[in-house]
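Visitor: Take a look at this one; I'll ask things after.
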Amino acid sequence: MWDELFTALEVWGFNERYLSGFYLGRLPIEEYGFFITVPFACLFIHEVLRYFVPRDILFPYRHALTWFFLILTGVLGIYFYPRIYSSSVFFLCALLLVLQLLIFRSNWLGRFYLTYIVCMIPFTVLNGWLTGAFTEEPIVWYNNFENANLRLGTIPIEDAFYQLAYLMLIVWIYERNKLQRHSENSIN
């Protein structure tokens with residue numbers, strides 16, 4: 001719904017030159033592929049890291065990292081308030097961080113931050129490709145009146161925080177379901 005709304009509001013859009021031409025609503029079919037492949041790939045990375053890095057190396061720093069991101073996203077959300085993409089991404093990120101830190105007191109945040117750091121590698125390459133780093137024109141364009149107009153190369157800075165929020169939501173659902181299955185199995 002987020003992508004559909006922001007496409008309708010022309011916060012961003014898609015370069016038809018690089019698309020198949022098939023749409024569901026305002027979104028190209030390729031965008032729906034994103035919603036299947038990215039969560040799968042990120043959860044795969046999450047579990048691979050759990051296997052190859054069995055000790056939660058960022059566990060001691062999980063609260064400090066969460067407070068850092070919470071303060072940063074809160075301040076950025078306020079600073080860029082009139083810009084819809086910036087403020088919505090930063091405030092959504094801050095909300096998810098508050099929920100994990102203060103309400104749910106999630107014990108997987110250290111592992112999550114390691115996953116996020118590793119996922120930023122393919123994210124930077126693929127999002128760079130989508131935003132024109134390796135193509136003649138960007139595949140996805142952004143309305144700079146609706147974002148901070150700060151870039152990591154060709155990538156709007158908000159995308160890195162969108163990745164943080166999106167990945168946190170996915171890992172939260174995954175870890176919660178995993179915990180629920182574990183507790184059901186221990187009862188049986």
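The way I read the labels, and the way they are meant: chains A, B, ... in the order of the structure tokens, residue 1 as the first residue of every chain, and ligand 1 as the first ligand shown, with later ones counted on from there.
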At a cut-off of 6 Å, can you tabulate as CSV every residue of segment 123-155 of chain A near segment 11-26 of chain A together with its closest atom pair and the distance in Å to one decimal, using only C-alpha atoms and ordering rows by chain then number?

Guide:
residue,atom,partner,partner_atom,distance
A:Ile139,CA,A:Asn15,CA,4.9
A:Val140,CA,A:Phe14,CA,4.6
A:Trp141,CA,A:Gly13,CA,5.4
A:Tyr142,CA,A:Trp12,CA,4.3
A:Asn143,CA,A:Val11,CA,5.2
A:Glu146,CA,A:Val11,CA,5.9

Visitor: Based on the selection just made, write C-alpha atoms of those residues as a PDB file, in the first residue's frame.

Guide:
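Output file result.pdb is given in full below:
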ATOM      1  CA  ILE A 139      14.928   2.738 -13.268  1.00  0.00           C
ATOM      2  CA  VAL A 140      13.282   4.263 -10.203  1.00  0.00           C
ATOM      3  CA  TRP A 141      13.140   8.053  -9.987  1.00  0.00           C
ATOM      4  CA  TYR A 142      12.525  10.120  -6.861  1.00  0.00           C
ATOM      5  CA  ASN A 143      10.826  13.496  -6.470  1.00  0.00           C
ATOM      6  CA  GLU A 146       9.512  14.864  -1.162  1.00  0.00           C
TER       7      GLU A 146
END

Visitor: I'd like the neighbourhood of segment 104-116 of chain A as a PyMOL selection string, where a residue qualifies if any of its atoms comes within 10 Å (using only C-alpha atoms), though same-chain residues fewer than 6 positions away should be ignored.

Guide: chain A and resi 42-50+53-63+65-66+97-98+123+160+163-165+167-168+171-172+175-176

Visitor: Can those selected residues be exported to a file as an mmCIF file, in the first residue's frame so that it contains N, CA and C atoms?

Guide:
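Result written to result-v6.cif:
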data_model
loop_
_atom_site.group_PDB
_atom_site.id
_atom_site.type_symbol
_atom_site.label_atom_id
_atom_site.label_comp_id
_atom_site.auth_asym_id
_atom_site.auth_seq_id
_atom_site.Cartn_x
_atom_site.Cartn_y
_atom_site.Cartn_z
ATOM 1 N N CYS A 42 16.751 -11.423 2.769
ATOM 2 C CA CYS A 42 17.186 -10.874 4.061
ATOM 3 C C CYS A 42 17.055 -11.905 5.176
ATOM 4 N N LEU A 43 15.979 -12.664 5.184
ATOM 5 C CA LEU A 43 15.841 -13.713 6.203
ATOM 6 C C LEU A 43 16.864 -14.819 5.991
ATOM 7 N N PHE A 44 17.177 -15.098 4.746
ATOM 8 C CA PHE A 44 18.216 -16.076 4.445
ATOM 9 C C PHE A 44 19.552 -15.595 5.009
ATOM 10 N N ILE A 45 19.884 -14.340 4.775
ATOM 11 C CA ILE A 45 21.121 -13.758 5.320
ATOM 12 C C ILE A 45 21.093 -13.808 6.844
ATOM 13 N N HIS A 46 19.954 -13.491 7.432
ATOM 14 C CA HIS A 46 19.785 -13.515 8.888
ATOM 15 C C HIS A 46 20.124 -14.898 9.448
ATOM 16 N N GLU A 47 19.594 -15.943 8.831
ATOM 17 C CA GLU A 47 19.839 -17.306 9.313
ATOM 18 C C GLU A 47 21.252 -17.785 8.993
ATOM 19 N N VAL A 48 21.793 -17.401 7.859
ATOM 20 C CA VAL A 48 23.174 -17.762 7.518
ATOM 21 C C VAL A 48 24.129 -17.135 8.536
ATOM 22 N N LEU A 49 23.874 -15.893 8.892
ATOM 23 C CA LEU A 49 24.712 -15.237 9.901
ATOM 24 C C LEU A 49 24.583 -15.933 11.258
ATOM 25 N N ARG A 50 23.383 -16.360 11.612
ATOM 26 C CA ARG A 50 23.188 -17.089 12.864
ATOM 27 C C ARG A 50 24.015 -18.378 12.857
ATOM 28 N N VAL A 53 27.979 -17.141 12.474
ATOM 29 C CA VAL A 53 28.393 -16.294 13.600
ATOM 30 C C VAL A 53 27.465 -16.663 14.768
ATOM 31 N N PRO A 54 27.721 -17.803 15.404
ATOM 32 C CA PRO A 54 26.786 -18.296 16.420
ATOM 33 C C PRO A 54 26.651 -17.386 17.644
ATOM 34 N N ARG A 55 27.696 -16.654 17.958
ATOM 35 C CA ARG A 55 27.621 -15.734 19.101
ATOM 36 C C ARG A 55 27.059 -14.400 18.623
ATOM 37 N N ASP A 56 26.120 -13.873 19.348
ATOM 38 C CA ASP A 56 25.512 -12.583 19.022
ATOM 39 C C ASP A 56 26.501 -11.472 19.380
ATOM 40 N N ILE A 57 27.380 -11.144 18.448
ATOM 41 C CA ILE A 57 28.494 -10.228 18.734
ATOM 42 C C ILE A 57 28.040 -8.795 19.008
ATOM 43 N N LEU A 58 26.856 -8.407 18.554
ATOM 44 C CA LEU A 58 26.380 -7.044 18.793
ATOM 45 C C LEU A 58 25.388 -6.969 19.960
ATOM 46 N N PHE A 59 25.170 -8.095 20.637
ATOM 47 C CA PHE A 59 24.234 -8.115 21.766
ATOM 48 C C PHE A 59 24.572 -7.048 22.812
ATOM 49 N N PRO A 60 25.837 -6.893 23.209
ATOM 50 C CA PRO A 60 26.142 -5.880 24.228
ATOM 51 C C PRO A 60 25.865 -4.441 23.765
ATOM 52 N N TYR A 61 25.772 -4.235 22.464
ATOM 53 C CA TYR A 61 25.614 -2.889 21.906
ATOM 54 C C TYR A 61 24.203 -2.627 21.383
ATOM 55 N N ARG A 62 23.308 -3.601 21.533
ATOM 56 C CA ARG A 62 21.983 -3.506 20.928
ATOM 57 C C ARG A 62 21.193 -2.297 21.410
ATOM 58 N N HIS A 63 21.254 -2.004 22.704
ATOM 59 C CA HIS A 63 20.505 -0.849 23.215
ATOM 60 C C HIS A 63 21.127 0.465 22.741
ATOM 61 N N LEU A 65 22.879 0.971 20.008
ATOM 62 C CA LEU A 65 22.574 1.113 18.580
ATOM 63 C C LEU A 65 21.120 1.520 18.371
ATOM 64 N N THR A 66 20.225 0.929 19.137
ATOM 65 C CA THR A 66 18.810 1.249 18.994
ATOM 66 C C THR A 66 18.536 2.692 19.399
ATOM 67 N N LEU A 97 11.557 1.185 16.219
ATOM 68 C CA LEU A 97 12.642 1.118 17.197
ATOM 69 C C LEU A 97 12.105 1.250 18.623
ATOM 70 N N VAL A 98 11.174 2.168 18.838
ATOM 71 C CA VAL A 98 10.553 2.327 20.157
ATOM 72 C C VAL A 98 9.842 1.041 20.561
ATOM 73 N N PHE A 123 22.104 -4.359 -0.862
ATOM 74 C CA PHE A 123 21.168 -3.238 -0.982
ATOM 75 C C PHE A 123 21.821 -2.079 -1.734
ATOM 76 N N ALA A 160 18.075 3.876 2.880
ATOM 77 C CA ALA A 160 18.822 3.092 3.872
ATOM 78 C C ALA A 160 17.988 2.918 5.143
ATOM 79 N N GLN A 163 15.140 0.560 4.408
ATOM 80 C CA GLN A 163 15.676 -0.803 4.529
ATOM 81 C C GLN A 163 15.727 -1.230 5.995
ATOM 82 N N LEU A 164 16.139 -0.327 6.873
ATOM 83 C CA LEU A 164 16.185 -0.624 8.301
ATOM 84 C C LEU A 164 14.786 -0.955 8.825
ATOM 85 N N ALA A 165 13.803 -0.124 8.502
ATOM 86 C CA ALA A 165 12.434 -0.342 8.975
ATOM 87 C C ALA A 165 11.826 -1.602 8.367
ATOM 88 N N LEU A 167 13.339 -4.229 7.015
ATOM 89 C CA LEU A 167 14.033 -5.412 7.509
ATOM 90 C C LEU A 167 13.668 -5.697 8.967
ATOM 91 N N MET A 168 13.558 -4.640 9.779
ATOM 92 C CA MET A 168 13.182 -4.844 11.181
ATOM 93 C C MET A 168 11.786 -5.454 11.284
ATOM 94 N N VAL A 171 12.097 -9.196 10.210
ATOM 95 C CA VAL A 171 12.783 -10.007 11.223
ATOM 96 C C VAL A 171 11.916 -10.126 12.471
ATOM 97 N N TRP A 172 11.220 -9.067 12.834
ATOM 98 C CA TRP A 172 10.327 -9.092 13.992
ATOM 99 C C TRP A 172 9.245 -10.156 13.812
ATOM 100 N N GLU A 175 11.022 -13.663 13.835
ATOM 101 C CA GLU A 175 11.473 -14.079 15.163
ATOM 102 C C GLU A 175 10.290 -14.367 16.091
ATOM 103 N N ARG A 176 9.245 -13.583 15.951
ATOM 104 C CA ARG A 176 8.051 -13.811 16.775
ATOM 105 C C ARG A 176 7.399 -15.147 16.438
#

Visitor: From the set A:Thr73, A:Thr154, A:Thr37, A:Ser87, which residue has the shortest atom-to-atom contact distance to Asn127 of chain A, counting only C-alpha atoms?

Guide: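 Comparing A:Thr73, A:Thr154, A:Thr37, A:Ser87 against Asn127 of chain A, the winner is A:Thr154.
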
Visitor: Which parts of segment 42-153 of chain A does DSSP call alpha helix (DSSP H) when run on the backbone here, written out as a PyMOL selection string?

Guide: chain A and resi 42-52+62-79+84-98+109-130

Visitor: At a cut-off of 12 Å, using only C-alpha atoms, what residues contact Met1 of chain A? Leave out same-chain residues fewer than 5 positions from it and give the result as a list in words.

Guide: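 The contact residues come out as Phe6, Thr7, Ala8, Leu24, Gly25, Arg26, Leu27, Glu31, Tyr32 and Phe35 of chain A.
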
Visitor: Write out the residues from the selection above, keeping C-alpha atoms, as a JSON list (two decimals), in the first residue's frame.

Guide:
[["chain", "number", "residue", "atom", "x", "y", "z"],
["A", 6, "PHE", "CA", 3.71, 7.06, -2.95],
["A", 7, "THR", "CA", 3.59, 6.24, -6.65],
["A", 8, "ALA", "CA", 0.15, 7.88, -6.88],
["A", 24, "LEU", "CA", -1.01, -4.18, -10.90],
["A", 25, "GLY", "CA", -2.52, -0.85, -9.92],
["A", 26, "ARG", "CA", 0.14, 1.80, -10.38],
["A", 27, "LEU", "CA", 3.00, -0.58, -9.64],
["A", 31, "GLU", "CA", 7.95, -4.08, -7.86],
["A", 32, "TYR", "CA", 5.92, -7.01, -6.55],
["A", 35, "PHE", "CA", 8.24, -7.82, -2.00]]

Visitor: Just to confirm, what's the straight-line distance from atom CA of Leu76 of chain A to atom CA of Phe90 of chain A in Å (one decimal)?

Guide: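 Computing the Euclidean distance for atom CA of Leu76 of chain A and atom CA of Phe90 of chain A yields 6.4 Å.
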
Visitor: Please return as a PyMOL selection string: the residues of segment 63-184 of chain A that backbone DSSP assigns to strand (DSSP E).

Guide: chain A and resi 140-142+151-152+155-156

Visitor: Quote the spacing between atom CA of Arg83 of chain A and atom CA of Ile170 of chain A in Å to one decimal place.

Guide: 25.5 Å
